[in-house]
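Visitor: Okay, handing you the structure first.
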Amino acid sequence: MKIKYQKFWTVVIVILSFFVTTCRKDISVPNTDLEKLFGTWDWVQTCGGFAGQTTTPTTSGYSQTVEFNKNGIWKIYKDGKQIDKLKFTFIEVFSVHISQIWSED
């Protein structure tokens, strides 16, 4: 009987420690400028594609909002209703891309 209780409490402790360790804290941000991303962003317009069209909330008939939380959760809302919830993280990588601005002389 004593062994059953020991096994029970062992399982309970393992499960509780799993939940405690999986609770997300604030994600690490490799660059302080990236902290500007956190918060709520409203969709203003989409441009481009093959047809070169511009789409706005007015022309599409709906609004969209994206929310980036410091705990690494990204939520997407359409007309105020949450439609998706995802995890995100920042990674820092080296890039060899060079951007140049050309002007006519």
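Chain lettering (A, B, ...) mirrors the order of the structure tokens, residue numbering begins at 1 for each chain separately, and ligand numbering begins at 1 in order of display.
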Can you pull out every residue within 10 Å of A:Ile91, counting only C-alpha atoms, but drop anything in the same chain fewer than 6 positions away, and send it as a PDB file with N, CA and C atoms, in the first residue's frame?

Guide:
ATOM      1  N   SER A  28      14.147  35.891 -25.044  1.00  0.00           N
ATOM      2  CA  SER A  28      15.331  36.747 -25.120  1.00  0.00           C
ATOM      3  C   SER A  28      15.327  37.498 -26.451  1.00  0.00           C
ATOM      4  N   VAL A  29      15.742  38.737 -26.380  1.00  0.00           N
ATOM      5  CA  VAL A  29      15.777  39.606 -27.547  1.00  0.00           C
ATOM      6  C   VAL A  29      17.238  39.948 -27.818  1.00  0.00           C
ATOM      7  N   PRO A  30      17.781  39.510 -28.980  1.00  0.00           N
ATOM      8  CA  PRO A  30      19.205  39.734 -29.246  1.00  0.00           C
ATOM      9  C   PRO A  30      19.570  41.193 -29.485  1.00  0.00           C
ATOM     10  N   ASN A  31      18.586  42.022 -29.792  1.00  0.00           N
ATOM     11  CA  ASN A  31      18.843  43.426 -30.100  1.00  0.00           C
ATOM     12  C   ASN A  31      17.709  44.241 -29.477  1.00  0.00           C
TER      13      ASN A  31
END

Visitor: For stretch 64-67 of chain A, find every residue with an atom within 8 Å (counting only C-alpha atoms), except residues of its own chain fewer than 5 positions away, and show them as an MDAnalysis selection string.

Guide: chainID A and resid 38:43 57 74:80

Visitor: Produce a file of the selected residues containing N, CA and C atoms, as an mmCIF file, in the first residue's frame.

Guide:
data_model
loop_
_atom_site.group_PDB
_atom_site.id
_atom_site.type_symbol
_atom_site.label_atom_id
_atom_site.label_comp_id
_atom_site.auth_asym_id
_atom_site.auth_seq_id
_atom_site.Cartn_x
_atom_site.Cartn_y
_atom_site.Cartn_z
ATOM 1 N N PHE A 38 7.068 44.252 -29.959
ATOM 2 C CA PHE A 38 6.062 43.826 -28.993
ATOM 3 C C PHE A 38 4.893 44.803 -28.955
ATOM 4 N N GLY A 39 3.702 44.263 -28.882
ATOM 5 C CA GLY A 39 2.511 45.088 -28.828
ATOM 6 C C GLY A 39 1.509 44.660 -29.884
ATOM 7 N N THR A 40 0.572 45.537 -30.174
ATOM 8 C CA THR A 40 -0.504 45.247 -31.119
ATOM 9 C C THR A 40 -0.319 46.077 -32.377
ATOM 10 N N TRP A 41 -0.479 45.421 -33.523
ATOM 11 C CA TRP A 41 -0.289 46.053 -34.823
ATOM 12 C C TRP A 41 -1.557 45.874 -35.647
ATOM 13 N N ASP A 42 -2.042 46.969 -36.216
ATOM 14 C CA ASP A 42 -3.229 46.931 -37.071
ATOM 15 C C ASP A 42 -2.810 46.887 -38.535
ATOM 16 N N TRP A 43 -3.488 46.056 -39.312
ATOM 17 C CA TRP A 43 -3.228 45.960 -40.744
ATOM 18 C C TRP A 43 -3.715 47.233 -41.419
ATOM 19 N N PRO A 57 -8.208 47.319 -45.377
ATOM 20 C CA PRO A 57 -9.393 46.834 -44.665
ATOM 21 C C PRO A 57 -10.699 47.317 -45.304
ATOM 22 N N TRP A 74 2.275 34.845 -30.464
ATOM 23 C CA TRP A 74 1.841 35.700 -31.561
ATOM 24 C C TRP A 74 0.382 35.380 -31.828
ATOM 25 N N LYS A 75 -0.505 36.375 -31.685
ATOM 26 C CA LYS A 75 -1.939 36.155 -31.888
ATOM 27 C C LYS A 75 -2.415 36.974 -33.077
ATOM 28 N N ILE A 76 -3.271 36.359 -33.878
ATOM 29 C CA ILE A 76 -3.822 37.022 -35.055
ATOM 30 C C ILE A 76 -5.332 37.149 -34.858
ATOM 31 N N TYR A 77 -5.853 38.356 -35.104
ATOM 32 C CA TYR A 77 -7.275 38.640 -34.957
ATOM 33 C C TYR A 77 -7.837 39.101 -36.290
ATOM 34 N N LYS A 78 -9.036 38.638 -36.608
ATOM 35 C CA LYS A 78 -9.754 39.111 -37.794
ATOM 36 C C LYS A 78 -11.092 39.658 -37.320
ATOM 37 N N ASP A 79 -11.341 40.924 -37.584
ATOM 38 C CA ASP A 79 -12.543 41.620 -37.105
ATOM 39 C C ASP A 79 -12.714 41.455 -35.594
ATOM 40 N N GLY A 80 -11.603 41.509 -34.865
ATOM 41 C CA GLY A 80 -11.629 41.444 -33.411
ATOM 42 C C GLY A 80 -11.707 40.047 -32.825
#

Visitor: In Å, rounded to a single decimal, give me how far atom CA of A:Leu37 is from atom CA of A:Lys25.

Guide: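 These atoms are spaced 17.0 Å apart.
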
Visitor: Which residue, A:Thr32, A:Thr89, A:Ser60, A:Ser95, has the smallest gap to A:Val44 when you use only C-alpha atoms?

Guide: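 Answer, going by the shortest atom-to-atom distance: A:Ser60.
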
Visitor: So, counting only C-alpha atoms, which residue among A:Asp26, A:Leu34, A:Phe88, A:Thr59 is closest to A:Ile73?

Guide: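 Among A:Asp26, A:Leu34, A:Phe88, A:Thr59, it is A:Phe88 that comes nearest to A:Ile73.
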
Visitor: What does the structure give for the distance between atom CA of A:Lys85 and atom CA of A:Thr56, in Å to one decimal?

Guide: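 Taking atom CA of A:Lys85 and atom CA of A:Thr56, their separation equals 22.8 Å.
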